[in-house]
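Have a look at coords02.txt; it's compact mmCIF, C-alpha atoms:
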# COMPACT_ATOMS: atom_id res chain seq x y z
CA MET A 254 42.40 -44.36 8.89
CA PRO A 255 43.97 -42.31 6.08
CA GLU A 256 40.75 -40.97 4.58
CA ASN A 257 42.56 -38.83 2.04
CA ASP A 258 44.45 -41.85 0.74
CA ILE A 259 41.16 -43.70 0.39
CA PHE A 260 39.43 -41.01 -1.61
CA LYS A 261 42.50 -40.42 -3.72
CA ALA A 262 42.76 -44.14 -4.43
CA LEU A 263 39.09 -44.33 -5.45
CA ALA A 264 39.07 -41.11 -7.45
CA ASP A 265 40.60 -43.04 -10.35
CA PRO A 266 37.84 -44.78 -12.37
CA THR A 267 39.98 -47.84 -13.14
CA ARG A 268 40.85 -48.35 -9.50
CA ARG A 269 37.25 -47.82 -8.51
CA SER A 270 36.16 -50.54 -10.94
CA ILE A 271 38.84 -52.88 -9.59
CA PHE A 272 37.68 -52.14 -6.07
CA GLU A 273 34.04 -52.76 -7.00
CA LYS A 274 34.95 -56.04 -8.64
CA LEU A 275 36.73 -57.13 -5.47
CA ALA A 276 33.79 -56.01 -3.37
CA ALA A 277 31.81 -58.80 -5.07
CA GLY A 278 34.33 -61.43 -3.96
CA SER A 279 38.04 -62.09 -3.65
CA MET A 280 40.04 -62.99 -6.73
CA HIS A 281 43.57 -63.09 -8.03
CA ALA A 282 45.18 -60.42 -10.11
CA SER A 283 44.91 -62.16 -13.48
CA ALA A 284 41.15 -62.75 -12.99
CA LEU A 285 40.83 -59.07 -12.17
CA ARG A 286 42.37 -58.20 -15.52
CA GLU A 287 39.81 -60.19 -17.50
CA GLY A 288 37.76 -57.91 -19.70
CA LYS A 289 40.01 -54.94 -19.01
CA GLU A 290 42.68 -53.53 -21.28
CA ILE A 291 45.28 -53.22 -18.63
CA SER A 292 48.80 -54.55 -18.36
CA GLN A 293 49.97 -56.76 -15.55
CA SER A 294 52.29 -54.07 -14.21
CA ALA A 295 49.58 -51.41 -14.34
CA MET A 296 47.25 -53.74 -12.45
CA SER A 297 49.97 -54.35 -9.86
CA GLN A 298 50.38 -50.61 -9.39
CA HIS A 299 46.64 -50.05 -9.00
CA LEU A 300 46.45 -52.87 -6.46
CA ALA A 301 49.41 -51.40 -4.56
CA VAL A 302 47.63 -48.04 -4.29
CA LEU A 303 44.45 -49.73 -3.07
CA ARG A 304 46.45 -51.82 -0.60
CA ASN A 305 48.36 -48.82 0.75
CA ALA A 306 45.09 -47.00 1.29
CA GLY A 307 43.91 -49.96 3.38
CA LEU A 308 41.10 -50.76 0.96
CA VAL A 309 42.15 -54.25 -0.06
CA SER A 310 44.27 -56.93 1.50
CA GLU A 311 46.21 -59.73 -0.15
CA GLN A 312 46.53 -63.38 0.77
CA ARG A 313 48.94 -65.82 -0.74
CA GLN A 314 47.33 -69.16 -1.66
CA GLY A 315 49.87 -71.44 -3.29
CA ARG A 316 51.11 -69.76 -6.45
CA PHE A 317 48.37 -67.17 -6.45
CA VAL A 318 47.90 -63.99 -4.55
CA HIS A 319 44.26 -63.31 -3.84
CA TYR A 320 42.99 -59.81 -3.24
CA GLU A 321 39.93 -59.00 -1.21
CA VAL A 322 37.93 -56.21 0.36
CA ASP A 323 37.07 -56.68 4.00
CA PRO A 324 33.26 -56.98 3.85
CA GLU A 325 32.91 -55.69 7.39
CA GLY A 326 35.47 -52.98 6.93
CA LEU A 327 35.36 -49.27 6.54
CA ALA A 328 36.50 -49.92 2.99
CA LEU A 329 32.90 -50.83 2.27
CA ILE A 330 31.78 -47.38 3.37
CA ALA A 331 34.59 -45.61 1.57
CA GLY A 332 33.77 -47.48 -1.61
CA TRP A 333 30.11 -46.62 -1.28
CA LEU A 334 30.85 -42.93 -0.83
CA ALA A 335 33.24 -42.85 -3.78
CA LYS A 336 30.77 -44.66 -6.00
CA TYR A 337 27.81 -42.41 -5.26
CA ARG A 338 29.82 -39.22 -5.25
CA ALA A 339 30.44 -40.01 -8.92
CA TYR A 340 26.92 -41.43 -9.46
CA TRP A 341 24.70 -38.51 -8.50
CA PRO A 342 26.17 -35.86 -10.83
CA GLN A 343 25.60 -38.27 -13.74
CA ARG A 344 22.01 -38.97 -12.67
CA VAL A 345 21.29 -35.26 -12.28
CA ASP A 346 22.68 -34.64 -15.76
CA ALA A 347 20.21 -37.25 -17.01
CA LEU A 348 17.44 -35.52 -15.05
CA LYS A 349 18.34 -32.20 -16.69
CA GLY A 350 18.11 -33.88 -20.09
CA LEU A 351 14.73 -35.34 -19.23
CA LEU A 352 13.43 -31.95 -18.02
CA LYS A 353 14.42 -30.45 -21.38
CA ASP A 354 12.47 -33.14 -23.22
CA MET A 355 9.36 -32.99 -21.05
CA ASP A 356 6.34 -30.84 -21.89
CA GLN A 357 5.68 -27.97 -19.55
CA MET B 65 11.06 -37.80 7.95
CA ASN B 66 13.52 -40.60 7.95
CA ASP B 67 14.11 -41.48 11.56
CA MET B 68 15.66 -44.88 11.00
CA ASP B 69 19.40 -45.33 11.12
CA ASN B 70 19.91 -41.64 10.69
CA ASP B 71 21.91 -40.91 13.81
CA ASP B 72 25.01 -38.82 14.33
CA ALA B 73 27.20 -41.56 12.92
CA ALA B 74 25.28 -41.72 9.66
CA CYS B 75 27.28 -42.36 6.54
CA GLU B 76 25.70 -39.93 4.15
CA LEU B 77 26.22 -37.93 1.01
CA VAL B 78 24.58 -34.53 0.76
CA GLN B 79 24.46 -32.84 -2.61
CA GLU B 80 22.63 -29.82 -3.96
CA TYR B 81 21.90 -28.95 -7.56
CA ALA B 82 20.27 -26.02 -9.31
CA LEU B 83 17.84 -27.08 -12.01
CA ASP B 84 16.67 -24.89 -14.85
CA ALA B 85 13.00 -25.93 -14.62
CA PRO B 86 10.10 -24.95 -12.34
CA PRO B 87 9.47 -27.04 -9.20
CA GLU B 88 6.14 -28.43 -10.50
CA LYS B 89 7.91 -29.92 -13.50
CA VAL B 90 10.81 -31.27 -11.45
CA TRP B 91 8.31 -32.84 -9.07
CA ARG B 92 6.75 -34.79 -11.93
CA ALA B 93 10.18 -36.07 -13.01
CA LEU B 94 10.78 -37.23 -9.41
CA SER B 95 7.40 -38.62 -8.45
CA ILE B 96 6.02 -40.28 -11.60
CA PRO B 97 7.71 -43.71 -11.69
CA GLU B 98 7.95 -43.90 -15.51
CA LEU B 99 9.63 -40.50 -15.67
CA ARG B 100 11.83 -41.16 -12.66
CA ALA B 101 13.09 -44.40 -14.20
CA GLN B 102 14.44 -42.41 -17.14
CA TRP B 103 17.01 -40.60 -15.00
CA LEU B 104 17.19 -42.85 -11.94
CA PRO B 105 17.06 -46.39 -13.35
CA GLY B 106 16.03 -49.21 -11.05
CA THR B 107 13.56 -47.11 -9.06
CA GLU B 108 10.50 -47.55 -11.26
CA HIS B 109 9.01 -50.09 -8.86
CA ALA B 110 10.34 -48.53 -5.68
CA GLU B 111 7.57 -47.82 -3.19
CA PRO B 112 8.29 -44.40 -1.64
CA LEU B 113 9.08 -44.54 2.07
CA SER B 114 7.44 -41.16 2.38
CA GLU B 115 6.21 -38.43 0.12
CA VAL B 116 5.29 -34.77 0.60
CA PRO B 117 3.71 -33.64 -2.68
CA GLN B 118 5.69 -30.96 -4.52
CA GLN B 119 8.43 -31.05 -1.88
CA ALA B 120 10.03 -34.30 -0.89
CA LEU B 121 10.31 -37.95 -1.77
CA SER B 122 12.13 -40.68 0.09
CA LEU B 123 13.12 -43.95 -1.57
CA ARG B 124 14.85 -47.14 -0.48
CA LEU B 125 17.60 -48.26 -2.85
CA ARG B 126 19.23 -51.65 -3.12
CA GLU B 127 22.15 -52.15 -5.45
CA ALA B 128 21.59 -54.52 -8.35
CA GLU B 129 25.13 -55.92 -8.05
CA PRO B 130 27.27 -57.21 -5.20
CA PRO B 131 27.72 -56.12 -2.47
CA PHE B 132 23.98 -55.18 -2.76
CA LEU B 133 24.24 -52.38 -0.24
CA GLU B 134 20.98 -50.89 0.99
CA SER B 135 20.47 -47.19 1.34
CA THR B 136 17.79 -44.54 1.42
CA VAL B 137 17.69 -41.38 -0.61
CA ASP B 138 15.73 -38.23 0.19
CA LEU B 139 15.01 -35.96 -2.76
CA LYS B 140 13.86 -32.52 -1.70
CA ILE B 141 12.97 -29.65 -3.97
CA SER B 142 12.39 -25.98 -3.33
CA PRO B 143 11.80 -22.98 -5.59
CA ALA B 144 14.87 -21.00 -6.59
CA ALA B 145 14.89 -17.21 -6.92
CA ASP B 146 15.31 -17.40 -10.71
CA GLY B 147 12.19 -19.50 -11.22
CA GLY B 148 14.18 -22.71 -11.29
CA THR B 149 14.44 -25.41 -8.67
CA LEU B 150 16.92 -26.40 -6.00
CA LEU B 151 17.29 -30.14 -5.66
CA ARG B 152 18.79 -31.47 -2.46
CA ILE B 153 19.84 -35.11 -2.41
CA VAL B 154 20.55 -36.78 0.92
CA HIS B 155 21.74 -40.33 0.38
CA VAL B 156 22.23 -42.41 3.52
CA LEU B 157 23.91 -45.81 3.66
CA THR B 158 21.64 -47.84 5.93
CA ASP B 159 23.07 -51.28 5.24
CA ALA B 160 23.60 -53.37 8.38
CA ARG B 161 27.13 -54.26 7.25
CA ALA B 162 28.11 -50.61 7.21
CA GLN B 163 26.65 -50.15 10.69
CA THR B 164 28.89 -52.94 11.89
CA ALA B 165 31.91 -51.30 10.31
CA ARG B 166 31.18 -47.98 11.94
CA GLU B 167 30.78 -49.53 15.34
CA ALA B 168 34.02 -51.41 14.89
CA ALA B 169 35.82 -48.21 14.01
CA ASN B 170 34.33 -46.58 17.11
CA ASP B 171 34.48 -43.09 15.72
CA GLY B 172 32.02 -40.59 14.36
CA GLY B 173 31.81 -42.23 10.98
CA PHE B 174 31.93 -40.31 7.77
CA LEU B 175 30.10 -37.19 6.92
CA MET B 176 30.91 -35.86 3.54
CA TYR B 177 29.56 -32.89 1.69
CA ALA B 178 30.00 -32.69 -2.04
CA THR B 179 28.60 -29.86 -4.08
Once more with this new file: its structure as structure tokens, please.
Amino acid sequence: MPENDIFKALADPTRRSIFEKLAAGSMHASALREGKEISQSAMSQHLAVLRNAGLVSEQRQGRFVHYEVDPEGLALIAGWLAKYRAYWPQRVDALKGLLKDMDQ
Amino acid sequence: MNDMDNDDAACELVQEYALDAPPEKVWRALSIPELRAQWLPGTEHAEPLSEVPQQALSLRLREAEPPFLESTVDLKISPAADGGTLLRIVHVLTDARAQTAREAANDGGFLMYAT
């Protein structure tokens, strides 16, 4: 598995949010764009990067192409790692702020 | 300390941080649920899996959103030379679905260090 491709793909916050949305269930590209300020072509490019990294797969259903994350796949682990690698520094920053505010 | 699911193939994140506060103060921010919730939301009602006063705390985490992955996090503190505190975070993905994925891949799994 191209681990570097995976981490590179998920290093981008927009792609990580797309990936996390897909982790909750498969959907088609236009549903993925709901609530995001992102053009159709930009979304296509993000999905292509995720697909090339082996994180999402696509399935054609009639006129729509559905994208999904394999729930049993290593993508789940890669996504988890990417998410929490970004999560902990933010939480520790919050901890540092709290420590400043606390009494000795 | 955490002997479950923590084998060689563990999917874990290990991070270390230097904090500019004495260990006793950091321990309060980690161990008192109301304080902990201020920097680690969602853990105010978490029952610690284990606790060594002034040193280590282990919590089970479950994501509030899909895919609701389960994990455990060990928070360990030790005094730093400058009077501050070293915080070591070991976060292990224990979810059964991830176990399945690792077995399917039939390799050593991921081990990633980020500092």
Note to self: For a quick check of understanding, using all atoms listed in the file, which of A:Ala306, A:Ala347, A:Met355, A:Ala282 has the smallest distance to chain B?
What the structure shows: A:Ala347
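CA of Glu287 in chain A is found 15.5 Å from CA of Arg269 in chain A.
As for CA of Lys89 in chain B and CA of Ser135 in chain B, they are spaced 26.0 Å apart.
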Checklist line | Among listed residues B:Arg161, B:Arg126, B:Arg100, B:Lys140, nearest Lys349 in chain A (using only C-alpha atoms) | finding: B:Arg100
Please return, as a PDB file with C-alpha atoms, in the frame of the given file, all residues of chain B lying within 6 Å of chain A when only C-alpha atoms are considered.
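Below is the file out12.pdb, written as the result:
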ATOM      1  CA  TRP B 103      17.010 -40.600 -15.000  1.00  0.00           C
ATOM      2  CA  PRO B 130      27.270 -57.210  -5.200  1.00  0.00           C
ATOM      3  CA  PRO B 131      27.720 -56.120  -2.470  1.00  0.00           C
ATOM      4  CA  ARG B 161      27.130 -54.260   7.250  1.00  0.00           C
ATOM      5  CA  ALA B 165      31.910 -51.300  10.310  1.00  0.00           C
TER       6      ALA B 165
END
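Ranking B:Ala82, B:Glu98, B:Thr158, B:Arg92 by their shortest atom-to-atom distance to Arg124 in chain B, with all atoms listed in the file included, puts B:Thr158 first.
Relative to CA of Leu125 in chain B, CA of Leu113 in chain B is found at 10.5 Å.
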Next item on the list: Name the closest residue to Glu321 in chain A among the candidates A:Lys336, A:His281, A:Lys289, A:Lys261; distances are taken between atoms, counting all atoms listed in the file.
Entry: A:His281
Next item on the list: Select, from B:Leu157, B:Leu104, B:Ala85, B:Ala110, the residue with the minimum atom-to-atom distance to Tyr340 in chain A, counting all atoms listed in the file.
Entry: B:Leu104
Next item on the list: Find the residues with any atom within 12 Å of (48.7, -51.4, -10.7); use only C-alpha atoms and the coordinates as given in the file, and write the answer as a PyMOL selection string.
Entry: chain A and resi 262+265+267-268+271-272+282-283+285-286+291-305
Given the point (9.5, -24.5, -9.0) in the file's coordinates, find the residues that have an atom at most 9 Å from it, counting only C-alpha atoms, and give them as a CSV table (one decimal) with C-alpha atoms, keeping the file's coordinate frame.
chain,number,residue,atom,x,y,z
B,85,ALA,CA,13.0,-25.9,-14.6
B,86,PRO,CA,10.1,-25.0,-12.3
B,87,PRO,CA,9.5,-27.0,-9.2
B,88,GLU,CA,6.1,-28.4,-10.5
B,89,LYS,CA,7.9,-29.9,-13.5
B,90,VAL,CA,10.8,-31.3,-11.4
B,91,TRP,CA,8.3,-32.8,-9.1
B,118,GLN,CA,5.7,-31.0,-4.5
B,141,ILE,CA,13.0,-29.6,-4.0
B,142,SER,CA,12.4,-26.0,-3.3
B,143,PRO,CA,11.8,-23.0,-5.6
B,144,ALA,CA,14.9,-21.0,-6.6
B,147,GLY,CA,12.2,-19.5,-11.2
B,148,GLY,CA,14.2,-22.7,-11.3
B,149,THR,CA,14.4,-25.4,-8.7
B,150,LEU,CA,16.9,-26.4,-6.0
